[in-house]
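Single-structure report; data block below.
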Amino acid sequence: MNELNYIVFDQYLQEEMSVEEKLNFEKQLAEDQEMASAFEVFKDMQSQLEVKFGFEEERNVFKDNLKSISDQQFVGKKSKVITLKSVSYLVAASVVLFLGLFLFNSNSNPNFEDFNQHENAYFTERGVAVANLKQAETAFNAKKYEVAIPLFESILKEKKTPEIQYFYGISLLETNKIKEADSIFNELKSGHSVYKNKAVWNLALSKLKQKEYKACKKILLTIPSDYENYEEVQKLLKKLD
């Protein structure tokens with residue numbers, strides 16, 4: 001596989017090609033199975049970077065490195081012609097660096113997004129006949145937390161239950177209303193409902209979201225082993241070690 005293709009892959013995915021270049025590239029993919037497979041691997045890697053870390057910073061490092069390679073090759077030369085073999089080795093080194101950034105970040109501190117997998121809300125199945133409750137349930141399960149928040153607030157004015165507080169707290173946390181979310185979870189933590197340990201878990205996630213790793217670990221260590229989601233607690237603790 002020619003390492004120079006990585007540059008072409010990046011240009012295509014970032015829509016930096018002309019219409020003609022794009023058509024030619026797609027024709028190559030259709031005719032060259034090896035190139036098509038390599039492109040899928042590269043595209044998957046880029047997708048993971050975008051989801052986990054924000055791809056732009058790593059991509060800029062990658063492009064700057066390629067520019068540096070090009071500049072070094074042209075210094076002191078009247079002609080800007082360099083051998084394909086030289087460029088291939090240097091670009092390969094740049095790709096290794098690019099992949100290295102991804103692997104380094106993958107093994108660094110854990111991310112909130114890796115652990116904020118919340119259960120769905122099913123209020124109506126428990127016989128609560130409130131119109132706002134159904135709307136809040138639908139919005140929450142669709143991850144439309146901004147929509148769910150005012151609905152939960154309206155419901156809580158009429159009927160305050162640990163269940164509604166819990167899902168309201170999650171909605172606040174997901175929309176970066178950290179102080180409000182922590183207040184809700186601390187209240188649940190002080191109670192005796194089934195949401196007590198769930199609230200503590202979310203207090204830990206709140207610290208994780210703020211990148212307060214020591215505080216996150218301290219809270220996690222207070223969660224008892226009979227907590228229903230204790231496997232996730234152990235997983236996060238291991239990541240924090």
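So you can find residues: chains in the structure tokens are A, B, ... in the order shown, residues in each start at 1, and ligands are numbered from 1 in order.
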
List the spatial neighbours of Leu188 in chain A as a short mmCIF file (atom, residue, chain, number, x, y, z; two decimals) with N, CA and C atoms, in the first residue's frame - criterion: any atom at most 7 Å away, only C-alpha atoms, same-chain residues fewer than 5 positions off excluded.
```cif
data_model
loop_
_atom_site.label_atom_id
_atom_site.label_comp_id
_atom_site.auth_asym_id
_atom_site.auth_seq_id
_atom_site.Cartn_x
_atom_site.Cartn_y
_atom_site.Cartn_z
N PRO A 162 -38.43 10.80 43.82
CA PRO A 162 -37.02 10.50 43.53
C PRO A 162 -36.80 10.11 42.07
N TYR A 195 -32.82 5.18 44.15
CA TYR A 195 -31.97 6.03 43.32
C TYR A 195 -30.77 6.58 44.09
N LYS A 196 -30.61 6.16 45.32
CA LYS A 196 -29.52 6.66 46.17
C LYS A 196 -28.14 6.40 45.54
N ALA A 199 -27.55 8.01 42.19
CA ALA A 199 -27.22 9.43 42.33
C ALA A 199 -25.73 9.61 42.62
#
```

Between range 108-208 of chain A and range 236-240 of chain A, at 12 Å or less, what are the per-residue closest atom pairs and their distances in Å? Count only C-alpha atoms, order by chain and rising residue number, and return it as a tab-separated table.
```
residue	atom	partner	partner_atom	distance
A:Ser108	CA	A:Lys239	CA	8.3
A:Asn109	CA	A:Leu240	CA	6.5
A:Pro110	CA	A:Lys239	CA	6.1
A:Asn111	CA	A:Leu236	CA	9.5
A:Phe112	CA	A:Leu236	CA	10.0
A:Glu113	CA	A:Leu236	CA	11.9
A:Asp114	CA	A:Leu236	CA	9.3
A:Phe115	CA	A:Leu236	CA	7.9
A:Asn116	CA	A:Leu236	CA	11.3
A:Trp201	CA	A:Leu236	CA	10.6
A:Ala204	CA	A:Leu236	CA	9.8
A:Leu205	CA	A:Leu236	CA	9.7
A:Leu208	CA	A:Leu236	CA	9.7
```

Original post:
DSSP says alpha helix (DSSP H) for which residues of range 151-190 of chain A? Put them as a PyMOL selection string?
Top reply: chain A and resi 151-158+162-174+178-189

So that I have them on file, write out the residues from the current selection with C-alpha atoms, as a CSV table (one decimal), in the first residue's frame.
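Below you can see out-v3.csv, which holds the result:
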```
chain,number,residue,atom,x,y,z
A,151,LEU,CA,-41.1,19.5,31.5
A,152,PHE,CA,-39.5,17.8,34.5
A,153,GLU,CA,-39.5,21.2,36.3
A,154,SER,CA,-43.2,21.6,35.7
A,155,ILE,CA,-43.9,18.0,36.9
A,156,LEU,CA,-41.8,18.4,40.1
A,157,LYS,CA,-43.8,21.5,41.1
A,158,GLU,CA,-46.9,19.3,41.3
A,162,PRO,CA,-37.0,10.5,43.5
A,163,GLU,CA,-37.6,9.0,40.1
A,164,ILE,CA,-38.5,12.3,38.4
A,165,GLN,CA,-35.6,14.0,40.3
A,166,TYR,CA,-33.2,11.4,39.1
A,167,PHE,CA,-34.0,11.8,35.4
A,168,TYR,CA,-34.2,15.5,35.8
A,169,GLY,CA,-30.7,15.5,37.3
A,170,ILE,CA,-29.3,13.5,34.4
A,171,SER,CA,-30.8,16.0,32.0
A,172,LEU,CA,-29.1,18.8,33.8
A,173,LEU,CA,-25.8,17.0,33.8
A,174,GLU,CA,-26.0,16.3,30.1
A,178,ILE,CA,-23.4,21.0,36.7
A,179,LYS,CA,-24.3,22.8,40.0
A,180,GLU,CA,-28.0,22.2,39.5
A,181,ALA,CA,-27.4,18.5,38.7
A,182,ASP,CA,-25.1,18.0,41.7
A,183,SER,CA,-27.7,19.6,44.0
A,184,ILE,CA,-30.3,17.1,42.8
A,185,PHE,CA,-28.0,14.1,43.1
A,186,ASN,CA,-26.8,15.1,46.6
A,187,GLU,CA,-30.4,15.3,47.7
A,188,LEU,CA,-31.1,11.8,46.4
A,189,LYS,CA,-27.8,10.6,48.0
```

**OP:** Identify, on the basis of only C-alpha atoms, every residue whose closest approach to range 118-122 of chain A does not exceed 10 Å; exclude the query and any residue fewer than 2 positions from it along the same chain; express the result as a PyMOL selection string.
**Re:** chain A and resi 115-116+124-126+133-134+136-143+163-164+167+170+202

Tell me which protein, DNA and RNA residues are within 9 Å of Ile219 in chain A, counting only C-alpha atoms, leaving out same-chain ones fewer than 2 positions away, and put them as a PDB file with N, CA, C and O atoms, in the first residue's frame.
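Just written: result-v4.pdb:
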```pdb
ATOM      1  N   VAL A 200     -25.174   8.733  43.464  1.00  0.00           N
ATOM      2  CA  VAL A 200     -23.744   8.805  43.782  1.00  0.00           C
ATOM      3  C   VAL A 200     -22.917   8.544  42.518  1.00  0.00           C
ATOM      4  O   VAL A 200     -21.916   9.221  42.264  1.00  0.00           O
ATOM      5  N   TRP A 201     -23.328   7.577  41.735  1.00  0.00           N
ATOM      6  CA  TRP A 201     -22.654   7.275  40.468  1.00  0.00           C
ATOM      7  C   TRP A 201     -22.643   8.508  39.562  1.00  0.00           C
ATOM      8  O   TRP A 201     -21.628   8.850  38.956  1.00  0.00           O
ATOM      9  N   LEU A 203     -22.907  11.602  40.547  1.00  0.00           N
ATOM     10  CA  LEU A 203     -22.022  12.615  41.130  1.00  0.00           C
ATOM     11  C   LEU A 203     -20.578  12.360  40.696  1.00  0.00           C
ATOM     12  O   LEU A 203     -19.821  13.298  40.427  1.00  0.00           O
ATOM     13  N   ALA A 204     -20.213  11.085  40.605  1.00  0.00           N
ATOM     14  CA  ALA A 204     -18.875  10.721  40.119  1.00  0.00           C
ATOM     15  C   ALA A 204     -18.727  11.109  38.646  1.00  0.00           C
ATOM     16  O   ALA A 204     -17.691  11.638  38.227  1.00  0.00           O
ATOM     17  N   LYS A 207     -18.026  14.756  38.224  1.00  0.00           N
ATOM     18  CA  LYS A 207     -16.612  15.088  38.412  1.00  0.00           C
ATOM     19  C   LYS A 207     -15.795  14.670  37.198  1.00  0.00           C
ATOM     20  O   LYS A 207     -14.861  15.367  36.780  1.00  0.00           O
ATOM     21  N   LYS A 214      -9.434  12.954  40.574  1.00  0.00           N
ATOM     22  CA  LYS A 214      -9.251  12.527  41.958  1.00  0.00           C
ATOM     23  C   LYS A 214     -10.568  12.544  42.714  1.00  0.00           C
ATOM     24  O   LYS A 214     -10.880  11.620  43.475  1.00  0.00           O
ATOM     25  N   ALA A 215     -11.333  13.602  42.510  1.00  0.00           N
ATOM     26  CA  ALA A 215     -12.635  13.716  43.158  1.00  0.00           C
ATOM     27  C   ALA A 215     -13.580  12.625  42.661  1.00  0.00           C
ATOM     28  O   ALA A 215     -14.362  12.054  43.432  1.00  0.00           O
ATOM     29  N   CYS A 216     -13.488  12.332  41.369  1.00  0.00           N
ATOM     30  CA  CYS A 216     -14.309  11.272  40.775  1.00  0.00           C
ATOM     31  C   CYS A 216     -13.999   9.932  41.439  1.00  0.00           C
ATOM     32  O   CYS A 216     -14.906   9.198  41.854  1.00  0.00           O
ATOM     33  N   LYS A 217     -12.724   9.618  41.564  1.00  0.00           N
ATOM     34  CA  LYS A 217     -12.312   8.350  42.173  1.00  0.00           C
ATOM     35  C   LYS A 217     -12.758   8.264  43.631  1.00  0.00           C
ATOM     36  O   LYS A 217     -13.220   7.207  44.091  1.00  0.00           O
ATOM     37  N   LEU A 221     -15.336   5.268  45.181  1.00  0.00           N
ATOM     38  CA  LEU A 221     -14.957   4.346  46.253  1.00  0.00           C
ATOM     39  C   LEU A 221     -16.005   4.268  47.363  1.00  0.00           C
ATOM     40  O   LEU A 221     -15.928   3.385  48.222  1.00  0.00           O
ATOM     41  N   THR A 222     -16.976   5.161  47.341  1.00  0.00           N
ATOM     42  CA  THR A 222     -18.043   5.121  48.348  1.00  0.00           C
ATOM     43  C   THR A 222     -19.243   4.288  47.884  1.00  0.00           C
ATOM     44  O   THR A 222     -20.158   4.039  48.671  1.00  0.00           O
ATOM     45  N   ILE A 223     -19.230   3.869  46.633  1.00  0.00           N
ATOM     46  CA  ILE A 223     -20.358   3.098  46.096  1.00  0.00           C
ATOM     47  C   ILE A 223     -20.227   1.639  46.518  1.00  0.00           C
ATOM     48  O   ILE A 223     -19.202   1.007  46.267  1.00  0.00           O
TER      49      ILE A 223
END
```

Subject >> One-decimal distance in Å that lies between CA of Asn132 in chain A and CA of Ala148 in chain A >> reply: 9.3 Å

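Atom pair CA of Asn24 in chain A / CA of Phe42 in chain A: separated by 18.6 Å.
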
**OP:** Could you give me, as a list of chain:residue names, the residues within 12 Å of Lys22 in chain A, counting only C-alpha atoms and dropping anything in the same chain fewer than 6 positions from it?
**Re:** A:Val8, A:Phe9, A:Asp10, A:Gln11, A:Tyr12, A:Leu13, A:Gln14, A:Glu15, A:Glu16, A:Gln28, A:Leu29
